[in-house]
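Here's data38.pdb, which has PDB, C-alpha atoms and all ligand atoms:
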ATOM      1  CA  MET A   5     -32.081  39.193  24.327
ATOM      2  CA  LEU A   6     -30.669  42.572  23.403
ATOM      3  CA  PHE A   7     -32.004  43.919  20.175
ATOM      4  CA  PRO A   8     -29.636  46.173  18.258
ATOM      5  CA  VAL A   9     -31.180  49.184  16.626
ATOM      6  CA  ASP A  10     -31.045  49.524  12.909
ATOM      7  CA  SER A  11     -31.228  53.003  11.448
ATOM      8  CA  GLY A  12     -34.784  52.600  10.197
ATOM      9  CA  LYS A  13     -36.185  51.823  13.620
ATOM     10  CA  GLU A  14     -34.307  54.605  15.363
ATOM     11  CA  GLU A  15     -36.154  57.178  13.282
ATOM     12  CA  ALA A  16     -39.440  55.922  14.686
ATOM     13  CA  VAL A  17     -38.441  56.951  18.217
ATOM     14  CA  GLY A  18     -39.883  60.368  19.012
ATOM     15  CA  ALA A  19     -42.517  60.195  16.316
ATOM     16  CA  ARG A  20     -45.107  59.281  18.951
ATOM     17  CA  ALA A  21     -45.477  60.152  22.622
ATOM     18  CA  GLY A  22     -43.601  58.049  25.126
ATOM     19  CA  ARG A  23     -45.482  55.750  27.456
ATOM     20  CA  LEU A  24     -44.801  54.620  31.022
ATOM     21  CA  HIS A  25     -46.021  51.275  32.354
ATOM     22  CA  VAL A  26     -45.222  50.621  36.019
ATOM     23  CA  ILE A  27     -45.353  47.054  37.360
ATOM     24  CA  ALA A  28     -45.516  47.272  41.150
ATOM     25  CA  GLY A  29     -46.087  44.756  43.889
ATOM     26  CA  CYS A  30     -44.690  42.997  46.926
ATOM     27  CA  MET A  31     -42.014  40.343  47.138
ATOM     28  CA  SER A  32     -42.713  37.225  45.033
ATOM     29  CA  SER A  33     -45.567  38.851  43.091
ATOM     30  CA  GLY A  34     -44.082  37.985  39.703
ATOM     31  CA  LYS A  35     -42.981  41.462  38.606
ATOM     32  CA  THR A  36     -40.013  40.294  36.549
ATOM     33  CA  GLY A  37     -42.057  37.538  34.923
ATOM     34  CA  GLU A  38     -44.715  40.094  33.958
ATOM     35  CA  LEU A  39     -42.038  42.469  32.652
ATOM     36  CA  ILE A  40     -40.500  39.758  30.463
ATOM     37  CA  ARG A  41     -43.957  38.805  29.182
ATOM     38  CA  LEU A  42     -44.698  42.413  28.237
ATOM     39  CA  LEU A  43     -41.283  42.927  26.642
ATOM     40  CA  SER A  44     -41.536  39.708  24.646
ATOM     41  CA  ARG A  45     -44.462  41.265  22.752
ATOM     42  CA  HIS A  46     -42.107  43.975  21.507
ATOM     43  CA  ALA A  47     -39.504  41.344  20.664
ATOM     44  CA  VAL A  48     -42.021  39.804  18.263
ATOM     45  CA  THR A  49     -42.147  43.034  16.272
ATOM     46  CA  GLY A  50     -38.357  43.359  16.313
ATOM     47  CA  GLU A  51     -38.311  46.573  18.362
ATOM     48  CA  SER A  52     -35.047  47.258  20.165
ATOM     49  CA  ILE A  53     -35.239  46.519  23.891
ATOM     50  CA  VAL A  54     -32.957  47.136  26.863
ATOM     51  CA  ILE A  55     -33.366  46.269  30.546
ATOM     52  CA  TYR A  56     -31.413  48.207  33.173
ATOM     53  CA  LYS A  57     -30.860  46.919  36.710
ATOM     54  CA  HIS A  58     -29.014  48.472  39.633
ATOM     55  CA  SER A  59     -25.668  47.021  40.703
ATOM     56  CA  VAL A  60     -26.941  46.578  44.299
ATOM     57  CA  ASP A  61     -29.384  44.035  42.851
ATOM     58  CA  SER A  62     -26.571  41.562  42.280
ATOM     59  CA  ARG A  63     -28.625  38.379  42.067
ATOM     60  CA  ASP A  64     -28.577  36.814  38.609
ATOM     61  CA  GLY A  65     -25.754  39.090  37.339
ATOM     62  CA  CYS A  66     -26.483  40.589  33.921
ATOM     63  CA  LYS A  67     -29.858  38.892  33.670
ATOM     64  CA  ALA A  68     -33.422  39.728  34.551
ATOM     65  CA  ARG A  69     -34.704  36.328  35.632
ATOM     66  CA  SER A  70     -38.223  35.370  36.661
ATOM     67  CA  ARG A  71     -39.428  32.542  38.866
ATOM     68  CA  LEU A  72     -41.123  31.136  35.787
ATOM     69  CA  GLY A  73     -37.664  30.443  34.359
ATOM     70  CA  THR A  74     -37.862  33.179  31.719
ATOM     71  CA  GLU A  75     -34.933  35.561  31.445
ATOM     72  CA  MET A  76     -33.552  38.426  29.388
ATOM     73  CA  GLU A  77     -30.171  40.114  29.294
ATOM     74  CA  ALA A  78     -29.825  43.269  31.370
ATOM     75  CA  ARG A  79     -27.359  46.136  31.620
ATOM     76  CA  VAL A  80     -26.078  46.666  35.168
ATOM     77  CA  VAL A  81     -25.650  50.322  36.204
ATOM     78  CA  ASP A  82     -24.584  52.064  39.419
ATOM     79  CA  GLY A  83     -27.362  54.654  39.395
ATOM     80  CA  PRO A  84     -29.848  56.615  37.291
ATOM     81  CA  GLU A  85     -27.039  58.414  35.459
ATOM     82  CA  GLY A  86     -26.071  55.082  33.899
ATOM     83  CA  ILE A  87     -29.420  54.805  32.112
ATOM     84  CA  ASP A  88     -29.048  55.995  28.532
ATOM     85  CA  GLY A  89     -31.480  54.046  26.378
ATOM     86  CA  SER A  90     -30.659  56.065  23.275
ATOM     87  CA  ASP A  91     -30.192  52.908  21.227
ATOM     88  CA  CYS A  92     -33.534  51.341  22.127
ATOM     89  CA  ARG A  93     -37.210  52.141  21.574
ATOM     90  CA  VAL A  94     -38.236  50.062  24.589
ATOM     91  CA  VAL A  95     -36.452  50.781  27.885
ATOM     92  CA  ALA A  96     -37.116  48.730  31.028
ATOM     93  CA  ILE A  97     -35.848  49.484  34.530
ATOM     94  CA  GLU A  98     -35.884  46.688  37.119
ATOM     95  CA  GLU A  99     -36.304  47.243  40.885
ATOM     96  CA  ALA A 100     -36.742  51.000  40.652
ATOM     97  CA  GLN A 101     -36.701  51.361  44.437
ATOM     98  CA  PHE A 102     -32.928  50.844  44.314
ATOM     99  CA  PHE A 103     -32.505  53.997  42.197
ATOM    100  CA  GLY A 104     -32.857  57.290  44.061
ATOM    101  CA  ASP A 105     -35.010  60.306  43.217
ATOM    102  CA  GLY A 106     -32.690  60.858  40.251
ATOM    103  CA  LEU A 107     -34.636  58.197  38.382
ATOM    104  CA  VAL A 108     -37.651  60.483  37.868
ATOM    105  CA  PRO A 109     -35.928  62.989  35.527
ATOM    106  CA  VAL A 110     -34.346  60.082  33.647
ATOM    107  CA  VAL A 111     -37.757  58.474  33.074
ATOM    108  CA  ARG A 112     -39.211  61.830  32.043
ATOM    109  CA  ARG A 113     -36.387  62.261  29.528
ATOM    110  CA  LEU A 114     -36.956  58.778  28.074
ATOM    111  CA  LEU A 115     -40.675  59.576  27.728
ATOM    112  CA  ALA A 116     -39.949  62.945  26.114
ATOM    113  CA  GLU A 117     -37.785  61.083  23.605
ATOM    114  CA  GLY A 118     -40.814  58.992  22.698
ATOM    115  CA  ARG A 119     -39.659  55.740  24.244
ATOM    116  CA  LEU A 120     -41.804  53.013  25.754
ATOM    117  CA  VAL A 121     -40.692  52.772  29.376
ATOM    118  CA  TYR A 122     -41.397  49.850  31.693
ATOM    119  CA  VAL A 123     -40.513  50.042  35.382
ATOM    120  CA  THR A 124     -40.777  47.329  38.039
ATOM    121  CA  GLY A 125     -40.425  47.808  41.771
ATOM    122  CA  LEU A 126     -41.641  47.284  45.303
ATOM    123  CA  ASN A 127     -44.399  49.830  45.980
ATOM    124  CA  GLN A 128     -43.981  49.415  49.755
ATOM    125  CA  ASP A 129     -40.893  48.877  51.901
ATOM    126  CA  PHE A 130     -40.730  46.259  54.662
ATOM    127  CA  ARG A 131     -42.520  48.674  56.974
ATOM    128  CA  GLY A 132     -45.470  48.931  54.590
ATOM    129  CA  GLU A 133     -44.533  52.523  53.726
ATOM    130  CA  PRO A 134     -44.302  53.984  50.159
ATOM    131  CA  PHE A 135     -40.917  52.914  48.834
ATOM    132  CA  GLY A 136     -38.571  55.585  47.499
ATOM    133  CA  VAL A 137     -39.209  56.741  43.954
ATOM    134  CA  MET A 138     -41.988  54.208  43.276
ATOM    135  CA  PRO A 139     -45.004  56.306  44.419
ATOM    136  CA  THR A 140     -43.965  59.126  42.080
ATOM    137  CA  LEU A 141     -43.470  56.773  39.133
ATOM    138  CA  MET A 142     -46.833  55.109  39.828
ATOM    139  CA  ALA A 143     -48.486  58.546  39.779
ATOM    140  CA  LEU A 144     -46.824  59.394  36.466
ATOM    141  CA  ALA A 145     -47.686  56.043  34.840
ATOM    142  CA  ASP A 146     -49.899  55.717  31.778
ATOM    143  CA  GLU A 147     -50.563  52.132  32.818
ATOM    144  CA  LEU A 148     -50.147  50.485  36.207
ATOM    145  CA  SER A 149     -50.018  46.782  37.042
ATOM    146  CA  LEU A 150     -50.287  46.188  40.789
ATOM    147  CA  LEU A 151     -49.472  42.540  41.385
ATOM    148  CA  THR A 152     -50.139  40.403  44.456
ATOM    149  CA  ALA A 153     -48.492  37.280  45.826
ATOM    150  CA  ILE A 154     -49.544  34.462  48.144
ATOM    151  CA  CYS A 155     -48.932  34.980  51.867
ATOM    152  CA  GLN A 156     -46.241  32.585  53.017
ATOM    153  CA  LYS A 157     -47.885  32.337  56.451
ATOM    154  CA  CYS A 158     -51.652  31.913  55.821
ATOM    155  CA  HIS A 159     -51.785  31.476  52.022
ATOM    156  CA  GLY A 160     -54.077  34.501  51.693
ATOM    157  CA  ILE A 161     -53.494  37.286  49.149
ATOM    158  CA  ALA A 162     -50.212  39.035  49.936
ATOM    159  CA  THR A 163     -49.630  42.718  49.266
ATOM    160  CA  ARG A 164     -46.845  43.338  51.792
ATOM    161  CA  THR A 165     -43.168  42.449  52.038
ATOM    162  CA  GLN A 166     -42.186  40.947  55.387
ATOM    163  CA  ARG A 167     -38.617  41.401  56.482
ATOM    164  CA  ILE A 168     -37.173  38.743  58.778
ATOM    165  CA  ILE A 169     -33.953  39.226  60.772
ATOM    166  CA  ASP A 170     -32.517  36.273  62.697
ATOM    167  CA  GLY A 171     -35.830  34.447  62.324
ATOM    168  CA  ARG A 172     -37.900  37.315  63.770
ATOM    169  CA  PRO A 173     -39.989  40.094  62.155
ATOM    170  CA  ALA A 174     -37.708  43.067  61.598
ATOM    171  CA  PRO A 175     -38.455  46.017  63.887
ATOM    172  CA  TRP A 176     -39.528  49.341  62.406
ATOM    173  CA  ASP A 177     -36.187  50.981  63.131
ATOM    174  CA  SER A 178     -33.943  48.195  61.796
ATOM    175  CA  PRO A 179     -31.243  49.456  59.431
ATOM    176  CA  LEU A 180     -32.075  49.243  55.729
ATOM    177  CA  ILE A 181     -28.757  47.554  54.928
ATOM    178  CA  LEU A 182     -27.499  44.746  57.143
ATOM    179  CA  VAL A 183     -23.877  43.657  56.876
ATOM    180  CA  GLY A 184     -23.693  39.895  56.724
ATOM    181  CA  GLY A 185     -27.098  39.448  55.144
ATOM    182  CA  ALA A 186     -28.850  37.876  58.155
ATOM    183  CA  ASP A 187     -32.166  39.196  56.824
ATOM    184  CA  TYR A 188     -34.552  37.870  54.209
ATOM    185  CA  TYR A 189     -37.905  38.816  52.779
ATOM    186  CA  GLU A 190     -41.171  37.038  52.107
ATOM    187  CA  ALA A 191     -44.670  37.872  50.901
ATOM    188  CA  ARG A 192     -47.334  38.453  53.566
ATOM    189  CA  CYS A 193     -50.980  39.514  53.618
ATOM    190  CA  PRO A 194     -51.844  42.624  55.691
ATOM    191  CA  ASP A 195     -53.094  40.414  58.572
ATOM    192  CA  CYS A 196     -49.794  38.520  58.793
ATOM    193  CA  HIS A 197     -47.485  41.498  58.132
ATOM    194  CA  GLU A 198     -45.578  42.266  61.334
ATOM    195  CA  VAL A 199     -43.545  45.407  62.055
ATOM    196  CA  PRO A 200     -42.702  45.532  65.785
ATOM    197  CA  GLY A 201     -42.111  49.017  67.136
ATOM    198  CA  ARG A 202     -44.181  50.857  64.527
ATOM    199  CA  PRO A 203     -44.677  54.425  65.811
ATOM    200  CA  GLY A 204     -48.160  54.991  67.194
ATOM    201  CA  GLU A 205     -48.845  51.356  68.028
TER     202      GLU A 205
HETATM  203 ZN    ZN B   1     -51.402  35.944  55.759
END
Represent the structure of the file as structure tokens.
Amino acid sequence: MLFPVDSGKEEAVGARAGRLHVIAGCMSSGKTGELIRLLSRHAVTGESIVIYKHSVDSRDGCKARSRLGTEMEARVVDGPEGIDGSDCRVVAIEEAQFFGDGLVPVVRRLLAEGRLVYVTGLNQDFRGEPFGVMPTLMALADELSLLTAICQKCHGIATRTQRIIDGRPAPWDSPLILVGGADYYEARCPDCHEVPGRPGE
């Protein structure tokens, strides 16, 4: 669903302060489903909406798709400079951790223009460390949703993202990008989250 702007609605942008809602959480915590739920409220009122996703997030192509089966059209961009949003009151950015620090000034600009900005992303990387631009965006947020998942090992409450390489927990110093894609990710609780080789342990 992409909602074209008509001239009447475009004038409303900037009349009120922008607002940033960050939806953070680990793998499989339902971030995209929550984003689509929140955006669908704006769809009811006919506000123009756009979702941006990074081209490195190639799953699902030009779609933001949730595990609930809900989906919305998305614009695929190669970096923060591809995010314009000038034709939409509501601007969503999926998987913000894929965008570098350059995303912060873009979000600030969208807010200064009076837009309603929604951002999803992993708050922690596979090591359990703050992930890229997400901590800054969470600090700037007017509203924050921190979602949890179910641990795939013990079925407790998961807040971490476990990286697995060749069937084993990925060591601390494993490269962030693996050619061949022998790695995958799953939700884990803090007790079951394993990072061999963590400094200081
Ligand atoms: Zn667990």
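Applied to this file, the PyMOL selection byres (((chain A and resi 112) around 10) and not hetatm) selects the residues Gly22, Arg23, Leu24, Leu107, Val108, Pro109, Val110, Val111, Arg113, Leu114, Leu115, Ala116, Glu117, Gly118, Arg119, Val121, Leu141 and Leu144 of chain A.
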> Please, which residues have at least one atom within 12 Å of an atom of ligand ZN 1 (chain B), using only C-alpha atoms and all ligand atoms, listed as a ChimeraX atom specification?
Replying inline: /A:153-166,190-198
> Could you pull the residues within 12 Å of A:Pro134, counting all atoms listed in the file, minus those fewer than 6 positions along the same chain, as a list in words?
Replying inline: Ala28, Gly29, Cys30, Gln101, Gly125, Leu126, Asn127, Gln128, Thr140, Leu141, Met142, Arg164 and Thr165 of chain A
>> For a test of reading the model, state the distance in Å between atom CA of A:Asp82 and atom CA of A:Lys57, rounded to one decimal.
In response: 8.6 Å
Could you work out an axis-aligned bounding box for all listed atoms of stretch 175-179 of chain A, with 6 Å added on each of the six sides, and give its centre and edge lengths in Å to one decimal, as AutoDock Vina command-line options?
--center_x -35.4 --center_y 48.5 --center_z 61.7 --size_x 20.3 --size_y 17.0 --size_z 16.5
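Considering all atoms listed in the file, the residue among A:Phe130, A:Ala21, A:Met138, A:Ala145 positioned nearest to A:Arg167 is A:Phe130.
For the atom pair formed by atom CA of A:Thr124 and atom CA of A:Glu98, the distance is 5.0 Å, given to one decimal.
Between atom CA of A:Ile97 and atom CA of A:Ile55 there is a distance of 5.7 Å.
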>> Under the rule that only C-alpha atoms are counted, which of A:Thr152, A:Tyr56, A:Gly65, A:Gly171 is the nearest residue to A:Ser32?
In response: A:Thr152
>> Which residues, named as in the file, does the PyMOL selection byres (((chain A and resi 58) around 7) and not hetatm) pick out? Answer as an MDAnalysis selection string.
In response: chainID A and resid 56:57 59:61 80:83 102
Could you save the residues just selected, with C-alpha atoms, as a PDB file, keeping the file's coordinate frame?
ATOM      1  CA  TYR A  56     -31.413  48.207  33.173  1.00  0.00           C
ATOM      2  CA  LYS A  57     -30.860  46.919  36.710  1.00  0.00           C
ATOM      3  CA  SER A  59     -25.668  47.021  40.703  1.00  0.00           C
ATOM      4  CA  VAL A  60     -26.941  46.578  44.299  1.00  0.00           C
ATOM      5  CA  ASP A  61     -29.384  44.035  42.851  1.00  0.00           C
ATOM      6  CA  VAL A  80     -26.078  46.666  35.168  1.00  0.00           C
ATOM      7  CA  VAL A  81     -25.650  50.322  36.204  1.00  0.00           C
ATOM      8  CA  ASP A  82     -24.584  52.064  39.419  1.00  0.00           C
ATOM      9  CA  GLY A  83     -27.362  54.654  39.395  1.00  0.00           C
ATOM     10  CA  PHE A 102     -32.928  50.844  44.314  1.00  0.00           C
TER      11      PHE A 102
END
> On this structure, which residues satisfy the PyMOL selection byres (((chain A and resi 73-77) around 8) and not hetatm), written as a PyMOL selection string?
Replying inline: chain A and resi 5-6+37+40+54-55+66-72+78-79
> Which residue, A:Asp187, A:Trp176, A:Leu43, A:Asp170, has the smallest gap to A:Glu205 when you use only C-alpha atoms?
Replying inline: A:Trp176
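Close contacts of A:Asp177, defined as residues with an atom at most 10 Å away when counting only C-alpha atoms, with chain neighbours fewer than 3 positions off set aside, comprise A:Arg131, A:Ala174, A:Leu180, A:Val199, A:Pro200, A:Gly201, A:Arg202, A:Pro203.
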Using C-alpha atoms, can you write the selected residues to a file as a PDB file, keeping the file's coordinate frame?
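And here is the file that came out, part_26.pdb:
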ATOM      1  CA  ARG A 131     -42.520  48.674  56.974  1.00  0.00           C
ATOM      2  CA  ALA A 174     -37.708  43.067  61.598  1.00  0.00           C
ATOM      3  CA  LEU A 180     -32.075  49.243  55.729  1.00  0.00           C
ATOM      4  CA  VAL A 199     -43.545  45.407  62.055  1.00  0.00           C
ATOM      5  CA  PRO A 200     -42.702  45.532  65.785  1.00  0.00           C
ATOM      6  CA  GLY A 201     -42.111  49.017  67.136  1.00  0.00           C
ATOM      7  CA  ARG A 202     -44.181  50.857  64.527  1.00  0.00           C
ATOM      8  CA  PRO A 203     -44.677  54.425  65.811  1.00  0.00           C
TER       9      PRO A 203
END
Some atoms are absent from stretch 168-179 of chain A, so rebuild all heavy atoms and return them as a short mmCIF file (atom, residue, chain, number, x, y, z; two decimals), in the coordinates of the input.
data_model
loop_
_atom_site.label_atom_id
_atom_site.label_comp_id
_atom_site.auth_asym_id
_atom_site.auth_seq_id
_atom_site.Cartn_x
_atom_site.Cartn_y
_atom_site.Cartn_z
N ILE A 168 -37.50 39.62 57.65
CA ILE A 168 -37.17 38.74 58.78
C ILE A 168 -35.69 38.91 59.08
O ILE A 168 -34.85 38.82 58.17
CB ILE A 168 -37.44 37.26 58.44
CG1 ILE A 168 -38.81 37.07 57.80
CG2 ILE A 168 -37.22 36.37 59.66
CD1 ILE A 168 -39.95 36.88 58.73
N ILE A 169 -35.36 39.16 60.35
CA ILE A 169 -33.95 39.23 60.77
C ILE A 169 -33.76 38.20 61.89
O ILE A 169 -34.50 38.22 62.88
CB ILE A 169 -33.57 40.63 61.27
CG1 ILE A 169 -33.75 41.68 60.16
CG2 ILE A 169 -32.11 40.64 61.75
CD1 ILE A 169 -33.43 43.10 60.60
N ASP A 170 -32.80 37.32 61.70
CA ASP A 170 -32.52 36.27 62.70
C ASP A 170 -33.79 35.52 63.09
O ASP A 170 -34.03 35.24 64.27
CB ASP A 170 -31.85 36.89 63.95
CG ASP A 170 -30.48 37.47 63.62
OD1 ASP A 170 -29.80 36.93 62.73
OD2 ASP A 170 -30.09 38.47 64.27
N GLY A 171 -34.63 35.24 62.09
CA GLY A 171 -35.83 34.45 62.32
C GLY A 171 -37.00 35.20 62.92
O GLY A 171 -38.05 34.62 63.18
N ARG A 172 -36.83 36.52 63.15
CA ARG A 172 -37.90 37.32 63.77
C ARG A 172 -38.32 38.46 62.84
O ARG A 172 -37.50 38.96 62.06
CB ARG A 172 -37.40 37.94 65.07
CG ARG A 172 -37.19 36.96 66.19
CD ARG A 172 -37.27 37.77 67.50
NE ARG A 172 -37.39 36.91 68.65
CZ ARG A 172 -36.34 36.53 69.36
NH1 ARG A 172 -35.13 36.94 69.03
NH2 ARG A 172 -36.51 35.75 70.40
N PRO A 173 -39.59 38.92 62.94
CA PRO A 173 -39.99 40.09 62.16
C PRO A 173 -39.09 41.28 62.46
O PRO A 173 -38.80 41.56 63.62
CB PRO A 173 -41.42 40.37 62.62
CG PRO A 173 -41.90 39.07 63.19
CD PRO A 173 -40.68 38.39 63.76
N ALA A 174 -38.63 41.95 61.41
CA ALA A 174 -37.71 43.07 61.60
C ALA A 174 -38.42 44.24 62.24
O ALA A 174 -39.53 44.61 61.82
CB ALA A 174 -37.14 43.49 60.25
N PRO A 175 -37.83 44.84 63.28
CA PRO A 175 -38.46 46.02 63.89
C PRO A 175 -38.43 47.21 62.94
O PRO A 175 -37.62 47.28 62.02
CB PRO A 175 -37.60 46.28 65.13
CG PRO A 175 -36.32 45.55 64.93
CD PRO A 175 -36.59 44.44 63.97
N TRP A 176 -39.35 48.14 63.22
CA TRP A 176 -39.53 49.34 62.41
C TRP A 176 -38.21 50.06 62.16
O TRP A 176 -37.93 50.52 61.06
CB TRP A 176 -40.52 50.27 63.11
CG TRP A 176 -40.65 51.63 62.51
CD1 TRP A 176 -39.87 52.72 62.78
CD2 TRP A 176 -41.59 52.03 61.53
NE1 TRP A 176 -40.28 53.80 62.03
CE2 TRP A 176 -41.34 53.41 61.26
CE3 TRP A 176 -42.64 51.39 60.87
CZ2 TRP A 176 -42.10 54.12 60.33
CZ3 TRP A 176 -43.39 52.11 59.95
CH2 TRP A 176 -43.10 53.46 59.70
N ASP A 177 -37.40 50.16 63.22
CA ASP A 177 -36.19 50.98 63.13
C ASP A 177 -34.94 50.18 62.74
O ASP A 177 -33.82 50.66 62.90
CB ASP A 177 -35.94 51.72 64.46
CG ASP A 177 -35.77 50.75 65.62
OD1 ASP A 177 -35.89 49.52 65.41
OD2 ASP A 177 -35.52 51.22 66.75
N SER A 178 -35.12 48.97 62.20
CA SER A 178 -33.94 48.20 61.80
C SER A 178 -33.28 48.87 60.60
O SER A 178 -33.96 49.46 59.76
CB SER A 178 -34.33 46.75 61.47
OG SER A 178 -35.28 46.69 60.44
N PRO A 179 -31.95 48.78 60.53
CA PRO A 179 -31.24 49.46 59.43
C PRO A 179 -31.61 48.86 58.07
O PRO A 179 -31.87 47.66 57.97
CB PRO A 179 -29.77 49.22 59.75
CG PRO A 179 -29.75 48.03 60.66
CD PRO A 179 -31.03 48.06 61.42
#
